[in-house]
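**Student:** Please read through the structure below; I'll follow up with questions.
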Amino acid sequence: MFNVLQYDFLQNAFLAGSLVAIMAAVTGYFVVLRALAFAGEALADIDFAGATGAAILGISSLLGMLGLALLAALGMGALGERVRGRDIEIGMVLSFALGLGVLFLSIYIQHGANSNVGVSVLFGSILTVTRRDVIITLISSSATLLVLALLFRPLLFASVDPEVAQARGVPVRLLSIVFLLLLAVATAEAALVIGILLVFALLVAPAAAAEHLTRRPLTAIILSVILGLTFTWVGLILAFVGTGRHLPVSFYISTMAALTYFASVLIARFRSPRRYRALPHPSREHIRIHAH
Amino acid sequence: MFSIFQYQFIQNAFMAGTCVAIVAAIMGYFVILRGLTFAGHALPNIGFAGAAGAVLLGFDPVIGLLAFTIIAAIAIGVLGKALRERDIAVGIIMTFALGLGILFLSLYSGYAERVYSILFGQIVGISLENVLFTTLSSFLTLVILLLVFRPLLFSSFDPEVAEARGVPVNLLGLVFLVLVAITVSIAVQIVGALLFFTLLIGPAATTIRIVQRPIWAILLASILGICYTWLGIFFAANGTWPVSFYIATISFGVYLPIRLLSPLWIGQHARKSMPSRQDTFLPHMQSLEQEQNNSTEATGRKSELTR
């Protein structure tokens with residue numbers, strides 16, 4: 001069973017998958033806390049344009065995704081003091097990015113390539129990850145985690161209560177831009193492993209499930225990392241040795257992630273329904289609060 | 001250049017595209033009002049997964065589209081009741097559906113060009129039958145929207161007051177989501193998931209920054225939607241690039257200057273009537289903000305977390 005690990009492409013898949021799972025799970029916790037889920041989705045769709053654009057230019061799709069997503073994150077950061085709650089703006093950028101992606105894809109296909117490129121970008125291509133991609137992933141994941149570790153306390157403070165944090169002198173605006181840049185890196189890497197359409201499975205689902213199960217930030221982050229790693233490893237193992245048929249890794253990962261999230265919602269509701277519902281989320285200004 | 005209009009398939013594209021543009025623009029107004037932008041992006045993608053499943057089992061894609069989008073719409077309505085969870089729930093439901101979609105695609109032995117076109121749209125490959133079907137169902141959707149128009153508008157602007165006055169807010173929300181799901185199922189086959197989202201959000205996002213009254217906003221959104229669609233098809237028929245790219249670009253190109261310049265006039269307008277938040281959607285925000293200020297529990301959790 002374990003002799004599959006001697007294949008190069010599988011080693012690459014496991015290495016890249018684990019690195020991405022850890023980094024995405026940690027970043028995802030702040031995505032959940034800062035209510036940036038839709039922004040994450042938009043960045044993933046910008047990655048689509050990045051990857052297809054890179055295909056035309058003939059460079060690595062990971063580099064294309066990183067480049068365009070970082071640019072877009074800078075733009076989002078410049079857009080306003082608060083990215084959260086700006087659904088409409090994000091939606092417009094998202095539709096434009098997808099339009100660009102379709103354009104690049106059609107140019108690429110017109111130049112004689114087959115349309116499978118589109119499918120592998122959309123649904124992930126962990127099998128085609130090269131050693132160079134692993135090294136890029138290693139460097140960017142470590143850098144992201146390092147920055148997150150350094151900024152942990154102020155970022156947590158600014159995510160939970162931006163007003164008070166600002167009053168205490170935390171540079172909230174700057175933190176928000178820095179976090180968007182980190183999110184851009186995280187989505188680009190998650191897109192490489194699991195595909196643009198399924199980024200949520202590694203980025204949001206583990207953290208959202210963990211946040212339902214525990215209130216403590218550090219416990220939630222650790223739980224989120226454990227969940228992300230489990231999804232990735234079990235997905236890879238199932239795809240290669242588990243069943244007779246070679247079903248896609250992305251399918252296993254996203255199904256496990258979604259089912260875990262649904263279970264966590266049920267558990268949270270079952271455990272303390274009233275207290276849970278009455279809590280306002282600090283990062284959503286326009287939240288409805290039922291006065292019980 | 002204008003000779004393209006002789007072709008039957010171009011005429012079909014214009015007719016079907018116009019119907020979809022009108023319904024999408026009107027629906028988009030409510031989608032934006034209710035903060036459902038992400039759901040509007042997710043439902044077409046979920047429909048794609050359903051179509052893949054239907055093709056695998058040998059059914060008509062529309063059956064899969066309807067099944068997946070309606071189930072997802074109900075799930076979003078139920079899971080997203082607590083607003084803080086809605087975006088996350090929508091995203092994960094979409095991921096779940098798309099994971100199934102890639103499974104269906106990989107099990108399907110033939111290469112699923114037809115399914116793939118649901119993602120990006122093939123507006124030029126529409127038969128006259130499709131046009132009639134689209135026209136009829138668009139008309140039906142509009143009639144239903146017209147029937148629930150006033151209570152839906154009321155409950156979108158101010159859910160609390162609407163509920164207090166006896167409007168079935170939760171039921172209306174669910175009915176609206178299911179209506180969006182049905183529209184998606186029909187429209188996505190014609191224009192594709194991406195283009196549907198563009199036609200849903202683009203016109204309405206632009207018009208709510210120009211006019212305040214709902215009726216005018218909806219009318220203007222429909223007109224914009226039709227213009228985008230016609231221009232897009234016209235350019236695509238004369239050029240080599242895809243329709244969805246043209247329409248998405250036109251829509252973004254119109255939106256961007258208006259979004260950037262709108263504080264000039266929205267600011268004045270808002271300052272007269274509303275004390276705060278000139279930048280976002282005003283009536284909706286105000287009532288919710290007041291409510292949040294009333295809550296004492298809010299401060300409780302904040303201090304617990306910052307400690």
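Chain labels A, B, ... are given in the sequence in which chains occur in the structure tokens; within each chain residues are numbered consecutively from 1, and ligands are likewise numbered from 1 in the order shown.
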Give me the residues of chain B that have any atom at most 6 Å from an atom of chain A; for each, the nearest atom pair and the distance in Å, rounded to one decimal. Use only C-alpha atoms, sort by chain and number, and format it as CSV.
**Tutor:**
```
residue,atom,partner,partner_atom,distance
B:Ile92,CA,A:Ala258,CA,5.8
B:Thr95,CA,A:Leu198,CA,5.2
B:Phe96,CA,A:Thr255,CA,5.6
B:Gly99,CA,A:Phe251,CA,4.5
B:Leu103,CA,A:Phe251,CA,6.0
B:Thr198,CA,A:Ser95,CA,5.7
B:Ser244,CA,A:Gly99,CA,6.0
B:Phe245,CA,A:Gly99,CA,4.2
B:Ala248,CA,A:Phe96,CA,5.3
B:Thr249,CA,A:Phe96,CA,6.0
B:Leu288,CA,A:His286,CA,5.7
B:Ala298,CA,A:Pro280,CA,5.8
```
**Student:** What's the 12 Å shell around Phe179 (chain A), counting only C-alpha atoms, without same-chain residues fewer than 5 positions away, as number ranges by chain?
**Tutor:** A: 26-31, 34, 36, 39-40, 70, 73-74, 76-77, 83, 144-145, 147-148, 151-152, 154-156, 158-159, 172-174, 184-186
**Student:** Go ahead and save the residues from that selection, with N, CA and C atoms, as a short mmCIF file (atom, residue, chain, number, x, y, z; two decimals), in the first residue's frame.
**Tutor:**
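Wrote selection.cif, looks like this:
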```cif
data_model
loop_
_atom_site.label_atom_id
_atom_site.label_comp_id
_atom_site.auth_asym_id
_atom_site.auth_seq_id
_atom_site.Cartn_x
_atom_site.Cartn_y
_atom_site.Cartn_z
N VAL A 26 -4.80 27.79 8.38
CA VAL A 26 -4.51 28.90 9.29
C VAL A 26 -5.08 30.20 8.75
N THR A 27 -4.81 30.45 7.45
CA THR A 27 -5.35 31.67 6.85
C THR A 27 -6.86 31.66 6.91
N GLY A 28 -7.44 30.49 6.69
CA GLY A 28 -8.89 30.37 6.66
C GLY A 28 -9.55 30.78 7.96
N TYR A 29 -8.85 30.54 9.08
CA TYR A 29 -9.45 30.94 10.35
C TYR A 29 -9.72 32.44 10.36
N PHE A 30 -8.77 33.20 9.84
CA PHE A 30 -8.97 34.65 9.81
C PHE A 30 -9.99 35.04 8.74
N VAL A 31 -10.07 34.24 7.67
CA VAL A 31 -11.09 34.52 6.65
C VAL A 31 -12.47 34.41 7.28
N ARG A 34 -12.95 37.33 9.79
CA ARG A 34 -13.08 38.63 9.16
C ARG A 34 -14.20 38.66 8.13
N LEU A 36 -14.50 37.22 5.21
CA LEU A 36 -13.96 37.49 3.88
C LEU A 36 -14.19 36.34 2.91
N ALA A 39 -14.68 37.43 -0.63
CA ALA A 39 -13.44 37.98 -1.18
C ALA A 39 -12.50 36.84 -1.58
N GLY A 40 -12.47 35.78 -0.76
CA GLY A 40 -11.65 34.62 -1.09
C GLY A 40 -12.09 33.98 -2.39
N LEU A 70 -2.07 38.67 -6.26
CA LEU A 70 -1.43 39.67 -5.40
C LEU A 70 -1.80 41.07 -5.87
N ALA A 73 -5.30 41.74 -4.86
CA ALA A 73 -5.42 41.98 -3.42
C ALA A 73 -5.00 43.40 -3.07
N LEU A 74 -3.94 43.87 -3.73
CA LEU A 74 -3.53 45.26 -3.52
C LEU A 74 -4.66 46.20 -3.92
N MET A 76 -7.86 45.55 -4.02
CA MET A 76 -8.95 45.44 -3.04
C MET A 76 -8.62 46.22 -1.78
N GLY A 77 -7.35 46.14 -1.38
CA GLY A 77 -6.95 46.87 -0.19
C GLY A 77 -7.05 48.36 -0.39
N VAL A 83 -13.06 45.77 3.33
CA VAL A 83 -13.45 44.93 2.21
C VAL A 83 -14.72 44.16 2.56
N THR A 144 4.15 32.98 4.45
CA THR A 144 2.81 33.34 4.91
C THR A 144 2.62 33.00 6.38
N LEU A 145 3.03 31.77 6.74
CA LEU A 145 2.85 31.35 8.13
C LEU A 145 3.68 32.20 9.08
N VAL A 147 4.59 35.36 8.63
CA VAL A 147 3.95 36.67 8.78
C VAL A 147 2.73 36.56 9.69
N LEU A 148 1.96 35.48 9.49
CA LEU A 148 0.77 35.29 10.34
C LEU A 148 1.15 35.13 11.79
N LEU A 151 2.17 38.50 13.19
CA LEU A 151 1.07 39.45 13.33
C LEU A 151 -0.09 38.89 14.13
N PHE A 152 0.11 37.70 14.71
CA PHE A 152 -1.04 36.97 15.24
C PHE A 152 -1.91 37.79 16.18
N PRO A 154 -2.05 41.21 17.02
CA PRO A 154 -2.75 42.39 16.46
C PRO A 154 -3.80 42.02 15.41
N LEU A 155 -3.50 41.01 14.59
CA LEU A 155 -4.46 40.63 13.55
C LEU A 155 -5.73 40.07 14.18
N LEU A 156 -5.56 39.25 15.21
CA LEU A 156 -6.72 38.69 15.89
C LEU A 156 -7.56 39.80 16.52
N ALA A 158 -7.60 42.99 15.66
CA ALA A 158 -8.23 43.82 14.63
C ALA A 158 -9.37 43.08 13.93
N SER A 159 -9.30 41.74 13.88
CA SER A 159 -10.37 40.98 13.24
C SER A 159 -11.60 40.92 14.12
N VAL A 172 -5.04 49.11 11.80
CA VAL A 172 -6.07 48.22 11.27
C VAL A 172 -6.05 48.18 9.75
N ARG A 173 -5.94 49.33 9.15
CA ARG A 173 -5.97 49.44 7.69
C ARG A 173 -4.83 48.66 7.05
N LEU A 174 -3.64 48.87 7.60
CA LEU A 174 -2.46 48.20 7.07
C LEU A 174 -2.59 46.69 7.23
N ALA A 184 -4.34 36.17 -0.87
CA ALA A 184 -4.07 35.96 -2.29
C ALA A 184 -3.11 34.80 -2.48
N VAL A 185 -2.06 34.74 -1.66
CA VAL A 185 -1.12 33.62 -1.75
C VAL A 185 -1.83 32.31 -1.43
N ALA A 186 -2.65 32.34 -0.37
CA ALA A 186 -3.33 31.11 0.05
C ALA A 186 -4.27 30.60 -1.03
#
```
**Student:** Compile the contact shell of Leu10 (chain A) as number ranges by chain: residues with an atom at most 10 Å away, counting only C-alpha atoms, same-chain residues fewer than 5 positions apart removed.
**Tutor:** A: 4-5, 15-16, 126-129, 236-237, 240
**Student:** With a distance cut-off of 10 Å and only C-alpha atoms, select the neighbouring residues of Ser18 (chain A), excluding the residue or stretch itself and same-chain residues fewer than 2 positions from it, and output the selection as an MDAnalysis selection string.
**Tutor:** chainID A and resid 12:16 20:24 138 193 225 228:233
**Student:** For Ala72 (chain A), which residue out of A:Thr52, A:Thr137, A:Thr187, A:Gln166 is the nearest one, using only C-alpha atoms?
**Tutor:**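 Selected residue with least distance to Ala72 (chain A): A:Thr187.
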**Student:** From the set B:Ile88, B:Cys227, B:Ala13, B:Ala25, which residue has the shortest atom-to-atom contact distance to Leu142 (chain B), counting only C-alpha atoms?
**Tutor:**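 When distances to Leu142 (chain B) are compared using only C-alpha atoms, the smallest one comes from B:Ala25.
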**Student:** Env of Ile250 (chain B): 7 Å cut, atoms = only C-alpha atoms, seq-sep filter 4 positions within chain, self excluded. Answer as number ranges by chain.
**Tutor:** B: 228, 246, 254
**Student:** Can I get the selection written as a PDB file, in the first residue's frame, with C-alpha atoms?
**Tutor:**
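again.pdb written:
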```
ATOM      1  CA  TYR B 228     -25.020  44.841 -22.658  1.00  0.00           C
ATOM      2  CA  TYR B 246     -17.459  41.133 -24.093  1.00  0.00           C
ATOM      3  CA  VAL B 254     -19.909  50.931 -17.191  1.00  0.00           C
TER       4      VAL B 254
END
```
